>>> print(open('work33.cif').read())   # mmCIF, C-alpha atoms
data_upload
loop_
_atom_site.label_atom_id
_atom_site.label_comp_id
_atom_site.auth_asym_id
_atom_site.auth_seq_id
_atom_site.Cartn_x
_atom_site.Cartn_y
_atom_site.Cartn_z
CA MET A 282 7.31 57.89 95.59
CA ILE A 283 7.66 56.41 99.09
CA GLU A 284 4.95 58.69 100.46
CA ARG A 285 2.53 57.56 97.73
CA GLU A 286 3.54 53.89 97.79
CA PRO A 287 0.21 52.64 99.26
CA GLU A 288 -1.78 54.36 96.50
CA ILE A 289 0.62 53.17 93.79
CA TYR A 290 0.47 49.64 95.22
CA LEU A 291 -3.34 49.51 95.10
CA LEU A 292 -3.46 51.01 91.61
CA LEU A 293 -0.90 48.50 90.33
CA TYR A 294 -2.68 45.64 92.11
CA PHE A 295 -6.02 46.29 90.41
CA ALA A 296 -4.37 47.16 87.10
CA MET A 297 -2.57 43.79 87.03
CA ILE A 298 -5.82 41.95 87.79
CA CYS A 299 -7.51 43.65 84.84
CA ILE A 300 -4.58 43.25 82.44
CA VAL A 301 -3.97 39.58 83.20
CA ALA A 302 -7.69 38.73 83.16
CA ILE A 303 -8.00 40.28 79.69
CA LEU A 304 -4.92 38.44 78.41
CA GLU A 305 -6.27 35.17 79.81
CA SER A 306 -9.52 35.64 77.90
CA LEU A 307 -7.64 36.38 74.66
CA ALA A 308 -4.93 33.69 74.82
CA PRO A 309 -5.54 31.05 77.49
CA ARG A 310 -2.82 28.47 78.14
CA ARG A 311 -5.22 25.72 79.20
CA ALA A 312 -8.95 25.15 79.60
CA LEU A 313 -10.43 25.87 83.02
CA ASN A 314 -12.64 23.10 84.40
CA ALA A 315 -13.84 24.23 87.83
CA PRO A 316 -16.74 26.70 88.20
CA MET A 317 -15.02 30.00 87.38
CA LEU A 318 -17.35 32.42 89.14
CA GLY A 319 -17.29 30.34 92.32
CA ARG A 320 -13.50 30.25 92.28
CA TRP A 321 -13.16 33.94 91.58
CA ARG A 322 -15.65 34.85 94.31
CA THR A 323 -13.84 32.77 96.91
CA ASN A 324 -10.33 33.81 95.89
CA ILE A 325 -11.23 37.51 95.87
CA LEU A 326 -13.04 37.30 99.21
CA VAL A 327 -10.07 35.47 100.75
CA THR A 328 -7.69 38.25 99.75
CA ILE A 329 -10.08 40.87 101.17
CA VAL A 330 -10.02 39.00 104.50
CA ASP A 331 -6.22 38.78 104.23
CA ILE A 332 -5.84 42.52 103.76
CA ALA A 333 -8.16 43.32 106.67
CA ILE A 334 -6.43 40.96 109.10
CA VAL A 335 -2.89 41.94 108.10
CA ARG A 336 -3.76 45.62 108.48
CA LEU A 337 -5.15 44.92 111.96
CA ALA A 338 -2.16 42.78 112.96
CA PHE A 339 0.57 45.16 111.83
CA PRO A 340 0.64 48.94 112.40
CA VAL A 341 3.04 49.31 109.45
CA LEU A 342 3.93 47.17 106.47
CA ALA A 343 7.26 46.71 104.66
CA VAL A 344 7.99 50.30 103.60
CA GLY A 345 6.87 51.65 106.96
CA ALA A 346 9.11 49.12 108.69
CA ALA A 347 12.08 50.20 106.55
CA LEU A 348 11.45 53.87 107.38
CA TRP A 349 11.10 53.06 111.07
CA ALA A 350 14.36 51.08 111.04
CA ARG A 351 16.21 53.95 109.35
CA GLU A 352 14.84 56.55 111.76
CA ASN A 353 15.66 54.44 114.82
CA GLY A 354 19.01 53.06 113.69
CA TRP A 355 17.93 49.43 113.44
CA GLY A 356 19.37 46.91 111.02
CA LEU A 357 22.67 45.99 109.44
CA PHE A 358 22.84 48.67 106.77
CA ASN A 359 21.87 51.39 109.23
CA HIS A 360 24.96 50.51 111.28
CA VAL A 361 27.50 49.54 108.64
CA ALA A 362 28.96 52.30 106.48
CA ALA A 363 28.37 50.37 103.27
CA PRO A 364 28.09 51.98 99.82
CA THR A 365 24.52 52.45 98.65
CA THR A 366 25.06 49.87 95.91
CA VAL A 367 26.11 47.26 98.46
CA ALA A 368 23.11 48.03 100.68
CA VAL A 369 20.72 47.81 97.73
CA VAL A 370 22.14 44.63 96.20
CA GLY A 371 22.68 42.95 99.56
CA SER A 372 19.16 43.74 100.75
CA LEU A 373 17.62 42.66 97.44
CA VAL A 374 19.39 39.30 97.46
CA VAL A 375 18.57 38.56 101.11
CA MET A 376 14.92 39.60 100.80
CA ASP A 377 14.38 37.48 97.71
CA VAL A 378 16.25 34.37 98.81
CA SER A 379 14.50 34.54 102.19
CA ARG A 380 11.15 34.36 100.39
CA TYR A 381 12.37 31.30 98.53
CA TRP A 382 13.32 29.57 101.80
CA MET A 383 10.13 30.69 103.51
CA HIS A 384 8.18 29.10 100.68
CA ARG A 385 10.08 25.86 101.19
CA LEU A 386 9.25 25.98 104.90
CA LEU A 387 5.59 26.40 104.03
CA HIS A 388 5.85 23.07 102.25
CA SER A 389 8.07 21.17 104.67
CA VAL A 390 6.71 22.16 108.11
CA PRO A 391 3.35 20.39 108.62
CA VAL A 392 1.61 23.22 110.48
CA LEU A 393 2.73 25.73 107.84
CA TRP A 394 1.67 23.42 105.02
CA ARG A 395 -1.83 23.33 106.51
CA LEU A 396 -1.96 27.10 106.04
CA HIS A 397 -0.35 27.10 102.60
CA ARG A 398 -2.44 24.18 101.37
CA ILE A 399 -5.37 26.43 100.43
CA HIS A 400 -3.20 28.22 97.88
CA HIS A 401 -2.48 24.87 96.24
CA SER A 402 -6.00 23.48 96.58
CA ASP A 403 -7.37 25.85 93.95
CA PRO A 404 -8.61 23.34 91.33
CA ASP A 405 -7.70 25.66 88.44
CA TYR A 406 -4.90 28.11 87.79
CA ASP A 407 -5.35 31.71 86.75
CA PHE A 408 -4.78 35.26 88.03
CA SER A 409 -7.17 34.67 90.94
CA THR A 410 -4.93 31.90 92.30
CA GLY A 411 -2.43 34.63 93.10
CA LEU A 412 -5.02 36.14 95.46
CA ARG A 413 -5.65 32.92 97.35
CA PHE A 414 -3.70 32.72 100.61
CA HIS A 415 -5.07 31.82 104.02
CA PRO A 416 -5.19 34.86 106.36
CA LEU A 417 -2.99 33.09 108.91
CA GLU A 418 -0.37 32.43 106.23
CA ALA A 419 -0.57 36.10 105.25
CA VAL A 420 0.13 37.08 108.87
CA VAL A 421 3.08 34.68 109.18
CA SER A 422 4.61 35.70 105.85
CA THR A 423 4.17 39.40 106.60
CA ALA A 424 5.81 39.00 110.01
CA VAL A 425 8.81 37.28 108.40
CA ASP A 426 9.09 39.93 105.67
CA LEU A 427 8.95 42.79 108.18
CA SER A 428 11.53 41.13 110.42
CA ILE A 429 13.96 40.74 107.54
CA VAL A 430 13.48 44.34 106.40
CA VAL A 431 14.19 45.63 109.93
CA LEU A 432 17.15 43.31 110.56
CA LEU A 433 18.71 44.33 107.25
CA GLY A 434 17.96 48.01 107.62
CA ALA A 435 16.97 47.74 103.96
CA PRO A 436 16.75 51.02 101.99
CA PRO A 437 13.08 52.14 102.04
CA LEU A 438 13.00 52.97 98.32
CA LEU A 439 14.29 49.49 97.47
CA VAL A 440 11.64 47.93 99.70
CA ALA A 441 8.96 49.96 97.92
CA VAL A 442 10.18 49.01 94.43
CA TYR A 443 10.60 45.35 95.42
CA GLY A 444 7.06 45.26 96.80
CA LEU A 445 5.61 46.78 93.64
CA PHE A 446 7.56 44.42 91.39
CA SER A 447 6.41 41.49 93.53
CA VAL A 448 2.81 42.43 92.73
CA VAL A 449 3.57 42.34 89.01
CA MET A 450 5.34 38.98 89.32
CA THR A 451 2.59 37.42 91.45
CA PHE A 452 -0.06 38.03 88.81
CA PHE A 453 2.28 37.27 85.90
CA ALA A 454 3.41 33.96 87.40
CA HIS A 455 -0.19 32.84 88.02
CA ALA A 456 -1.47 33.93 84.61
CA ASN A 457 -3.29 31.40 82.45
CA VAL A 458 -1.72 32.96 79.37
CA ASN A 459 -0.20 31.15 76.40
CA ILE A 460 3.33 32.52 75.95
CA PRO A 461 5.29 31.30 72.89
CA ALA A 462 7.82 28.66 73.87
CA GLY A 463 10.78 30.65 72.58
CA VAL A 464 9.77 33.74 74.54
CA ASP A 465 9.15 31.67 77.66
CA ALA A 466 12.60 30.06 77.35
CA LEU A 467 14.26 33.48 77.25
CA VAL A 468 12.22 35.05 80.04
CA ARG A 469 12.62 32.11 82.44
CA MET A 470 16.38 32.53 82.34
CA VAL A 471 15.83 35.50 84.67
CA PHE A 472 12.19 35.59 85.76
CA VAL A 473 9.58 33.05 86.83
CA THR A 474 7.11 32.51 83.99
CA PRO A 475 3.56 31.14 84.26
CA ASP A 476 4.73 27.77 82.94
CA VAL A 477 7.50 27.61 85.55
CA HIS A 478 5.18 28.38 88.45
CA ARG A 479 2.25 26.32 87.15
CA THR A 480 4.43 23.24 87.53
CA HIS A 481 4.64 24.09 91.23
CA HIS A 482 0.83 23.87 91.42
CA SER A 483 0.75 20.32 90.05
CA ILE A 484 -1.42 17.79 91.84
CA ASP A 485 1.65 15.54 91.66
CA MET A 486 3.34 16.18 95.01
CA GLU A 487 6.83 15.65 93.64
CA GLU A 488 6.25 18.35 91.05
CA ALA A 489 4.60 20.63 93.60
CA ASN A 490 7.83 20.45 95.59
CA SER A 491 9.71 22.31 92.88
CA ASN A 492 9.95 25.85 91.50
CA PHE A 493 9.52 27.66 94.83
CA ALA A 494 10.97 31.00 93.72
CA ALA A 495 8.57 33.91 93.31
CA ILE A 496 10.61 36.24 91.10
CA THR A 497 13.70 34.54 89.69
CA PRO A 498 14.22 30.79 89.13
CA ILE A 499 17.91 31.32 89.86
CA TRP A 500 17.28 30.18 93.45
CA ASP A 501 15.60 26.96 92.31
CA ARG A 502 18.49 26.22 89.97
CA LEU A 503 21.03 27.04 92.68
CA PHE A 504 19.38 24.91 95.37
CA GLY A 505 18.30 22.03 93.12
CA THR A 506 14.52 22.52 93.10
CA TYR A 507 14.07 23.64 89.50
CA ARG A 508 11.81 21.60 87.23
CA ALA A 509 11.44 22.61 83.59
CA ALA A 510 7.93 21.21 83.01
CA PRO A 511 5.33 18.81 84.43
CA ALA A 512 5.57 15.21 83.24
CA LEU A 513 2.11 15.28 81.63
CA GLY A 514 2.59 18.67 80.01
CA HIS A 515 0.73 21.84 80.90
CA ALA A 516 -2.47 20.99 79.01
CA ARG A 517 -2.93 17.61 80.72
CA MET A 518 -1.43 18.13 84.18
CA GLY A 519 -3.70 18.10 87.22
CA ILE A 520 -3.98 21.20 89.39
CA GLY A 521 -4.81 21.24 93.09
CA VAL A 522 -4.41 18.98 96.13
CA LYS A 523 -5.61 15.39 95.76
CA ASP A 524 -7.47 15.10 99.05
CA VAL A 525 -9.26 18.48 98.86
CA PRO A 526 -12.53 18.01 96.93
CA VAL A 527 -13.46 20.71 94.43
CA GLY A 528 -16.55 21.63 96.45
CA GLU A 529 -14.41 22.39 99.49
CA ALA A 530 -11.77 24.13 97.40
CA ILE A 531 -14.17 26.76 96.07
CA GLY A 532 -16.28 27.43 99.17
CA LEU A 533 -15.16 30.42 101.24
CA LEU A 534 -15.92 28.97 104.68
CA ALA A 535 -14.45 25.60 103.71
CA VAL A 536 -11.27 27.32 102.53
CA LEU A 537 -10.92 29.38 105.71
CA ARG A 538 -11.33 26.36 107.98
CA ASP A 539 -9.23 24.01 105.84
CA PRO A 540 -6.05 24.31 108.00
CA PHE A 541 -8.03 22.83 110.89
CA GLN A 542 -9.21 19.82 108.86
CA ARG A 543 -7.37 16.51 108.99
CA ARG A 544 -6.53 15.27 105.50
CA THR A 545 -5.88 11.66 104.57
CA SER A 546 -2.66 12.37 102.69
CA GLY A 547 0.32 14.12 104.20
CA GLY A 548 0.41 16.47 101.25
CA VAL A 549 3.46 18.30 100.11
CA SER A 550 4.72 18.66 103.65
CA ASN A 551 5.90 15.06 103.74
CA GLN A 552 8.20 15.40 100.74
CA THR A 553 11.17 17.56 99.94
CA THR A 554 13.19 18.20 96.85
CA ALA A 555 16.94 18.67 96.98
#
>>> encode(input="work33.cif", output="structure tokens")
Amino acid sequence: MIEREPEIYLLLYFAMICIVAILESLAPRRALNAPMLGRWRTNILVTIVDIAIVRLAFPVLAVGAALWARENGWGLFNHVAAPTTVAVVGSLVVMDVSRYWMHRLLHSVPVLWRLHRIHHSDPDYDFSTGLRFHPLEAVVSTAVDLSIVVLLGAPPLLVAVYGLFSVVMTFFAHANVNIPAGVDALVRMVFVTPDVHRTHHSIDMEEANSNFAAITPIWDRLFGTYRAAPALGHARMGIGVKDVPVGEAIGLLAVLRDPFQRRTSGGVSNQTTA
């Protein structure tokens, strides 16, 4: 599996796009207001740029880093004679909670918020929002992920499975799909649902400073950043960033240069929750 991880990753990536897009057309959670084709074009092109730049910046990605660490004796679990279960569970917890805290840093450190702001400035919310990250944010986040994998000496198979599951959760969490309330209530006990993460994309900065977790809301509950729902409800809530006009939010060049633009409001970076 590890040898074929890149092919499996790409297959899963495109499969999730197709599956979620179909589900969104069959059972949308809320009406989309911004020009859909313009948004999709920009969000897809941004992720293509991301992939190209990350591949140029890093000779290996997470699984390759885990294999390198194992072969060269780097990382905690390549030095400590811990049972496999301990290495797997310990690595899983640290990798996931580190992503939670990295996400909080993206909101609380002004220079990082400038990069992360384009993910939030999408004026609507659907599967394509999960593609929308500034290339510089992609480089920073990848560097942090690789560093943690190497420092942990995380088991390569775990890193591969975690990466694949993260793809599933990224598209699931950003899906504009109407999930029955009872089902959502059960699922969100363990996993981030679209309603949980949509609250994080609220135009209300206080609400946007909640629900940072990517896979399990346990971290938000533990660290006091969990919010059950937006005040206006999911149908009426605003999506985006107040001081980023829709025209700039759906234009590729405007999106790529957004971190270098001065905005009138401090954005999410000036507020913290918990």
>>> closest_residue(input="work33.cif", among="A:Val330, A:Val390, A:Met297, A:Val430", to="Ala346 in chain A", atoms="only C-alpha atoms")
A:Val430
>>> residues_around(input="work33.cif", residues="Thr365 in chain A", least_positions_apart="6", cutoff="10 Å", atoms="only C-alpha atoms", output="MDAnalysis selection string")
chainID A and resid 358 371 436
>>> closest_residue(input="work33.cif", among="A:Gln542, A:Ser306, A:Ser422, A:Ser447", to="Trp382 in chain A", atoms="all atoms listed in the file")
A:Ser422
>>> closest_residue(input="work33.cif", among="A:Pro287, A:Pro526, A:Pro316, A:Gly532", to="Gly444 in chain A", atoms="only C-alpha atoms")
A:Pro287
>>> residues_around(input="work33.cif", residues="Arg320 in chain A", least_positions_apart="2", cutoff="12 Å", atoms="all atoms listed in the file", output="ChimeraX atom specification")
/A:313-318,322-327,400,402-413,527-533,536
>>> resolve_selection(input="work33.cif", expression="the PyMOL selection byres ((chain A and resi 438) around 10)", output="mmCIF file with C-alpha atoms, in the frame of the given file")
data_model
loop_
_atom_site.group_PDB
_atom_site.id
_atom_site.type_symbol
_atom_site.label_atom_id
_atom_site.label_comp_id
_atom_site.auth_asym_id
_atom_site.auth_seq_id
_atom_site.Cartn_x
_atom_site.Cartn_y
_atom_site.Cartn_z
ATOM 1 C CA MET A 282 7.310 57.890 95.590
ATOM 2 C CA ILE A 283 7.660 56.410 99.090
ATOM 3 C CA GLU A 286 3.540 53.890 97.790
ATOM 4 C CA VAL A 344 7.990 50.300 103.600
ATOM 5 C CA ALA A 347 12.080 50.200 106.550
ATOM 6 C CA LEU A 348 11.450 53.870 107.380
ATOM 7 C CA VAL A 369 20.720 47.810 97.730
ATOM 8 C CA ALA A 435 16.970 47.740 103.960
ATOM 9 C CA PRO A 436 16.750 51.020 101.990
ATOM 10 C CA PRO A 437 13.080 52.140 102.040
ATOM 11 C CA LEU A 439 14.290 49.490 97.470
ATOM 12 C CA VAL A 440 11.640 47.930 99.700
ATOM 13 C CA ALA A 441 8.960 49.960 97.920
ATOM 14 C CA VAL A 442 10.180 49.010 94.430
ATOM 15 C CA TYR A 443 10.600 45.350 95.420
ATOM 16 C CA GLY A 444 7.060 45.260 96.800
#
>>> atom_distance(input="work33.cif", atom1="CA of Phe295 in chain A", atom2="CA of Phe472 in chain A")
21.6 Å
>>> atom_distance(input="work33.cif", atom1="CA of Ile298 in chain A", atom2="CA of Asp331 in chain A")
16.7 Å
>>> atom_distance(input="work33.cif", atom1="CA of Ala312 in chain A", atom2="CA of Arg479 in chain A")
13.6 Å
>>> resolve_selection(input="work33.cif", expression="the PyMOL selection byres ((chain A and resi 377) around 10)", output="PyMOL selection string")
chain A and resi 372-376+378-383+426+443+447+494-497+500
>>> resolve_selection(input="work33.cif", expression="the PyMOL selection byres ((chain A and resi 355) around 12)", output="list in words")
Ala346, Ala347, Leu348, Trp349, Ala350, Arg351, Glu352, Asn353, Gly354, Gly356, Leu357, Phe358, Asn359, His360, Val361, Ser428, Ile429, Val430, Val431, Leu432, Leu433, Gly434, Ala435 and Pro436 of chain A
>>> closest_residue(input="work33.cif", among="A:His388, A:Arg469, A:Arg517, A:Arg544", to="Glu487 in chain A", atoms="all atoms listed in the file")
A:His388
>>> residues_around(input="work33.cif", residues="Phe339 in chain A", least_positions_apart="6", cutoff="12 Å", atoms="only C-alpha atoms", output="list in words")
Ile332, Ala333, Gly345, Ala346, Ala419, Val420, Val421, Ser422, Thr423, Ala424, Val425, Asp426, Leu427 and Ser428 of chain A
>>> axis_aligned_box(input="work33.cif", around="range 385-395 of chain A", padding_each_side="4 Å", output="JSON")
{"center_x": 4.1, "center_y": 23.4, "center_z": 105.8, "size_x": 19.9, "size_y": 14.0, "size_z": 17.3}
>>> residues_around(input="work33.cif", residues="His401 in chain A", least_positions_apart="4", cutoff="8 Å", atoms="all atoms listed in the file", output="compact mmCIF listing (two decimals) with C-alpha atoms, in the frame of the given file")
# COMPACT_ATOMS: atom_id res chain seq x y z
CA HIS A 397 -0.35 27.10 102.60
CA HIS A 482 0.83 23.87 91.42
CA ILE A 520 -3.98 21.20 89.39
CA GLY A 521 -4.81 21.24 93.09
CA VAL A 522 -4.41 18.98 96.13
>>> residues_near_point(input="work33.cif", point="(-4.9, 42.3, 80.0)", cutoff="12 Å", atoms="all atoms listed in the file", output="list of chain:residue names")
A:Phe295, A:Ala296, A:Met297, A:Ile298, A:Cys299, A:Ile300, A:Val301, A:Ala302, A:Ile303, A:Leu304, A:Glu305, A:Ser306, A:Leu307, A:Ala308, A:Pro309, A:Phe408, A:Phe452, A:Phe453, A:Ala456, A:Asn457, A:Val458
>>> closest_residue(input="work33.cif", among="A:Ala466, A:Val448, A:Leu534, A:Asp524", to="Leu292 in chain A", atoms="all atoms listed in the file")
A:Val448
>>> build_atoms(input="work33.cif", residues="range 434-458 of chain A", atoms="N, CA and C atoms", output="CSV table (one decimal), in the frame of the given file")
chain,number,residue,atom,x,y,z
A,434,GLY,N,17.9,46.6,107.8
A,434,GLY,CA,18.0,48.0,107.6
A,434,GLY,C,17.9,48.3,106.1
A,435,ALA,N,17.0,47.6,105.4
A,435,ALA,CA,17.0,47.7,104.0
A,435,ALA,C,16.6,49.2,103.6
A,436,PRO,N,17.1,49.7,102.5
A,436,PRO,CA,16.8,51.0,102.0
A,436,PRO,C,15.3,51.1,101.7
A,437,PRO,N,14.5,52.1,102.2
A,437,PRO,CA,13.1,52.1,102.0
A,437,PRO,C,12.6,52.2,100.6
A,438,LEU,N,13.4,52.9,99.7
A,438,LEU,CA,13.0,53.0,98.3
A,438,LEU,C,13.1,51.6,97.7
A,439,LEU,N,14.2,50.8,98.0
A,439,LEU,CA,14.3,49.5,97.5
A,439,LEU,C,13.1,48.6,97.9
A,440,VAL,N,12.8,48.7,99.2
A,440,VAL,CA,11.6,47.9,99.7
A,440,VAL,C,10.4,48.3,98.9
A,441,ALA,N,10.2,49.5,98.7
A,441,ALA,CA,9.0,50.0,97.9
A,441,ALA,C,9.0,49.4,96.5
A,442,VAL,N,10.1,49.5,95.8
A,442,VAL,CA,10.2,49.0,94.4
A,442,VAL,C,10.0,47.5,94.4
A,443,TYR,N,10.7,46.8,95.4
A,443,TYR,CA,10.6,45.4,95.4
A,443,TYR,C,9.2,44.9,95.7
A,444,GLY,N,8.4,45.6,96.5
A,444,GLY,CA,7.1,45.3,96.8
A,444,GLY,C,6.2,45.4,95.6
A,445,LEU,N,6.4,46.5,94.8
A,445,LEU,CA,5.6,46.8,93.6
A,445,LEU,C,5.9,45.7,92.6
A,446,PHE,N,7.2,45.4,92.4
A,446,PHE,CA,7.6,44.4,91.4
A,446,PHE,C,7.0,43.0,91.8
A,447,SER,N,7.0,42.8,93.1
A,447,SER,CA,6.4,41.5,93.5
A,447,SER,C,5.0,41.3,93.1
A,448,VAL,N,4.2,42.5,93.2
A,448,VAL,CA,2.8,42.4,92.7
A,448,VAL,C,2.7,42.0,91.3
A,449,VAL,N,3.5,42.7,90.4
A,449,VAL,CA,3.6,42.3,89.0
A,449,VAL,C,3.9,40.9,88.8
A,450,MET,N,4.9,40.4,89.5
A,450,MET,CA,5.3,39.0,89.3
A,450,MET,C,4.3,38.0,89.8
A,451,THR,N,3.6,38.3,90.9
A,451,THR,CA,2.6,37.4,91.4
A,451,THR,C,1.5,37.2,90.4
A,452,PHE,N,1.0,38.2,89.8
A,452,PHE,CA,-0.1,38.0,88.8
A,452,PHE,C,0.5,37.5,87.5
A,453,PHE,N,1.7,37.8,87.1
A,453,PHE,CA,2.3,37.3,85.9
A,453,PHE,C,2.5,35.8,86.1
A,454,ALA,N,3.1,35.4,87.2
A,454,ALA,CA,3.4,34.0,87.4
A,454,ALA,C,2.2,33.1,87.5
A,455,HIS,N,1.0,33.6,87.9
A,455,HIS,CA,-0.2,32.8,88.0
A,455,HIS,C,-1.1,33.0,86.8
A,456,ALA,N,-0.6,33.7,85.8
A,456,ALA,CA,-1.5,33.9,84.6
A,456,ALA,C,-1.7,32.7,83.8
A,457,ASN,N,-3.0,32.5,83.4
A,457,ASN,CA,-3.3,31.4,82.4
A,457,ASN,C,-3.2,32.0,81.0
A,458,VAL,N,-2.0,32.3,80.7
A,458,VAL,CA,-1.7,33.0,79.4
A,458,VAL,C,-0.7,32.1,78.6
